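Worksheet for the structure shown next.
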Amino acid sequence: MGKIDKYNKMVMDAIVSGTPLPAAKVRQLAQYGLSESQIQQSCIRWFQVTHPQLWKDGVLFHIANERKCTQWQGRKLKLEGVVKGVADLCLAVARKGFNALYIEMKKPGSYQEKEQKEWQSGVEKHGNRYVVCKSLDEFEKIVTDYLKES
């Protein structure tokens, strides 16, 4: 049974049984079939609304590192500093003893690649925080906790 079929079955079972799903479960299920890009876009929209000044300051940004290109373009990008394994997002705000927060977006059921784990190790060694995030709920919790002053 595919992910979308499983999602549809859970929703249908809830409707047939007359037992509503808790709001948190509905939100989790709604994100279940989304692509990594769609999850990341919802995280960005949430951040824009919740932290408008930080968004305006430009401290949360996507690191465009996932290009499909020709061999020549790939060589040029590598010479310009593109590095395998770089996280998807950077929140360039120092908090809780960290210099910045790097966020690797993954859809549920997917995991970091070898290069991503190696890059994580390098940035953590230099005083940055790195997290893997698989949903809008996780993103909200991680960012809210990270930005708290205490």
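By convention in this document, the chains of the structure tokens carry letters A, B, ... by their order, each chain's residues are numbered from 1, and ligands are numbered from 1 in the order they are shown.
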Please report, as CSV, each residue of range 53-74 of chain A lying at most 8 Å from range 80-96 of chain A, together with the nearest pair of atoms and the separation in Å rounded to one decimal; use only C-alpha atoms, and order rows by chain and ascending residue number.
residue,atom,partner,partner_atom,distance
A:Val59,CA,A:Ala92,CA,5.0
A:Leu60,CA,A:Leu91,CA,4.4
A:Phe61,CA,A:Cys90,CA,5.6
A:His62,CA,A:Leu89,CA,4.5
A:Ile63,CA,A:Asp88,CA,5.3
A:Ala64,CA,A:Asp88,CA,7.2
A:Asn65,CA,A:Val82,CA,6.6
| said: What's around range 102-108 of chain A at 9 Å? Count only C-alpha atoms, leave out sequence neighbours fewer than 5 positions away in its own chain, and write the answer as a list of chain:residue names. | reply: A:Gln31, A:Tyr32, A:Gly33, A:Leu34, A:Ser35, A:Glu36, A:Ser37, A:Ile39, A:Gln40, A:Val86, A:Ala87, A:Asp88, A:Leu89, A:Cys90, A:Leu91, A:Ala92, A:Gln116, A:Gln120, A:Val123, A:Asn128, A:Arg129, A:Tyr130, A:Val131, A:Val132, A:Cys133, A:Lys134, A:Ser135, A:Phe139
Based on the selection just made, write N, CA and C atoms of those residues as a PDB file, in the first residue's frame.
ATOM      1  N   GLN A  31       0.594  16.229   5.766  1.00  0.00           N
ATOM      2  CA  GLN A  31       1.950  16.408   5.266  1.00  0.00           C
ATOM      3  C   GLN A  31       2.557  15.100   4.771  1.00  0.00           C
ATOM      4  N   TYR A  32       1.895  13.990   5.037  1.00  0.00           N
ATOM      5  CA  TYR A  32       2.438  12.668   4.754  1.00  0.00           C
ATOM      6  C   TYR A  32       2.810  12.471   3.291  1.00  0.00           C
ATOM      7  N   GLY A  33       1.975  12.926   2.368  1.00  0.00           N
ATOM      8  CA  GLY A  33       2.243  12.705   0.952  1.00  0.00           C
ATOM      9  C   GLY A  33       2.964  13.848   0.275  1.00  0.00           C
ATOM     10  N   LEU A  34       3.384  14.843   1.033  1.00  0.00           N
ATOM     11  CA  LEU A  34       4.031  16.013   0.439  1.00  0.00           C
ATOM     12  C   LEU A  34       5.482  15.724   0.063  1.00  0.00           C
ATOM     13  N   SER A  35       5.956  16.443  -0.942  1.00  0.00           N
ATOM     14  CA  SER A  35       7.369  16.347  -1.320  1.00  0.00           C
ATOM     15  C   SER A  35       8.200  17.172  -0.339  1.00  0.00           C
ATOM     16  N   GLU A  36       9.492  16.942  -0.365  1.00  0.00           N
ATOM     17  CA  GLU A  36      10.407  17.722   0.470  1.00  0.00           C
ATOM     18  C   GLU A  36      10.259  19.211   0.165  1.00  0.00           C
ATOM     19  N   SER A  37      10.154  19.548  -1.100  1.00  0.00           N
ATOM     20  CA  SER A  37       9.997  20.939  -1.505  1.00  0.00           C
ATOM     21  C   SER A  37       8.714  21.551  -0.946  1.00  0.00           C
ATOM     22  N   ILE A  39       7.060  20.637   1.754  1.00  0.00           N
ATOM     23  CA  ILE A  39       7.217  20.789   3.198  1.00  0.00           C
ATOM     24  C   ILE A  39       8.067  22.030   3.487  1.00  0.00           C
ATOM     25  N   GLN A  40       9.160  22.173   2.750  1.00  0.00           N
ATOM     26  CA  GLN A  40      10.046  23.322   2.948  1.00  0.00           C
ATOM     27  C   GLN A  40       9.310  24.630   2.659  1.00  0.00           C
ATOM     28  N   VAL A  86      25.461  20.029   1.644  1.00  0.00           N
ATOM     29  CA  VAL A  86      25.077  21.240   2.366  1.00  0.00           C
ATOM     30  C   VAL A  86      23.594  21.189   2.731  1.00  0.00           C
ATOM     31  N   ALA A  87      23.255  21.684   3.916  1.00  0.00           N
ATOM     32  CA  ALA A  87      21.871  21.712   4.388  1.00  0.00           C
ATOM     33  C   ALA A  87      21.007  22.593   3.484  1.00  0.00           C
ATOM     34  N   ASP A  88      19.704  22.379   3.538  1.00  0.00           N
ATOM     35  CA  ASP A  88      18.767  23.130   2.710  1.00  0.00           C
ATOM     36  C   ASP A  88      18.560  24.561   3.169  1.00  0.00           C
ATOM     37  N   LEU A  89      18.505  24.759   4.484  1.00  0.00           N
ATOM     38  CA  LEU A  89      18.212  26.084   5.035  1.00  0.00           C
ATOM     39  C   LEU A  89      19.247  26.480   6.071  1.00  0.00           C
ATOM     40  N   CYS A  90      19.460  27.785   6.177  1.00  0.00           N
ATOM     41  CA  CYS A  90      20.324  28.323   7.221  1.00  0.00           C
ATOM     42  C   CYS A  90      19.570  29.434   7.942  1.00  0.00           C
ATOM     43  N   LEU A  91      19.516  29.351   9.252  1.00  0.00           N
ATOM     44  CA  LEU A  91      19.005  30.432  10.082  1.00  0.00           C
ATOM     45  C   LEU A  91      20.235  31.069  10.719  1.00  0.00           C
ATOM     46  N   ALA A  92      20.673  32.161  10.111  1.00  0.00           N
ATOM     47  CA  ALA A  92      21.939  32.796  10.487  1.00  0.00           C
ATOM     48  C   ALA A  92      21.746  33.734  11.682  1.00  0.00           C
ATOM     49  N   GLN A 116      25.837  14.346   3.341  1.00  0.00           N
ATOM     50  CA  GLN A 116      25.128  15.228   4.260  1.00  0.00           C
ATOM     51  C   GLN A 116      25.579  15.000   5.701  1.00  0.00           C
ATOM     52  N   GLN A 120      27.393  17.747   8.000  1.00  0.00           N
ATOM     53  CA  GLN A 120      26.857  18.007   9.339  1.00  0.00           C
ATOM     54  C   GLN A 120      27.974  17.977  10.373  1.00  0.00           C
ATOM     55  N   VAL A 123      30.185  21.209  10.172  1.00  0.00           N
ATOM     56  CA  VAL A 123      29.625  22.471  10.677  1.00  0.00           C
ATOM     57  C   VAL A 123      29.376  22.421  12.177  1.00  0.00           C
ATOM     58  N   ASN A 128      28.136  25.240  15.120  1.00  0.00           N
ATOM     59  CA  ASN A 128      26.808  25.429  14.543  1.00  0.00           C
ATOM     60  C   ASN A 128      25.898  24.285  14.962  1.00  0.00           C
ATOM     61  N   ARG A 129      24.611  24.557  14.958  1.00  0.00           N
ATOM     62  CA  ARG A 129      23.633  23.497  15.231  1.00  0.00           C
ATOM     63  C   ARG A 129      23.088  22.999  13.899  1.00  0.00           C
ATOM     64  N   TYR A 130      22.853  21.709  13.808  1.00  0.00           N
ATOM     65  CA  TYR A 130      22.353  21.078  12.591  1.00  0.00           C
ATOM     66  C   TYR A 130      21.216  20.153  12.977  1.00  0.00           C
ATOM     67  N   VAL A 131      20.101  20.256  12.256  1.00  0.00           N
ATOM     68  CA  VAL A 131      18.969  19.376  12.515  1.00  0.00           C
ATOM     69  C   VAL A 131      18.408  18.855  11.200  1.00  0.00           C
ATOM     70  N   VAL A 132      17.795  17.692  11.274  1.00  0.00           N
ATOM     71  CA  VAL A 132      17.039  17.144  10.149  1.00  0.00           C
ATOM     72  C   VAL A 132      15.574  17.339  10.503  1.00  0.00           C
ATOM     73  N   CYS A 133      14.819  17.879   9.563  1.00  0.00           N
ATOM     74  CA  CYS A 133      13.431  18.224   9.809  1.00  0.00           C
ATOM     75  C   CYS A 133      12.554  17.569   8.747  1.00  0.00           C
ATOM     76  N   LYS A 134      11.470  16.895   9.184  1.00  0.00           N
ATOM     77  CA  LYS A 134      10.629  16.154   8.250  1.00  0.00           C
ATOM     78  C   LYS A 134       9.186  16.656   8.190  1.00  0.00           C
ATOM     79  N   SER A 135       8.880  17.753   8.873  1.00  0.00           N
ATOM     80  CA  SER A 135       7.507  18.259   8.831  1.00  0.00           C
ATOM     81  C   SER A 135       7.471  19.715   9.277  1.00  0.00           C
ATOM     82  N   PHE A 139       9.625  21.693  12.242  1.00  0.00           N
ATOM     83  CA  PHE A 139      10.271  22.963  11.928  1.00  0.00           C
ATOM     84  C   PHE A 139       9.842  24.043  12.925  1.00  0.00           C
TER      85      PHE A 139
END
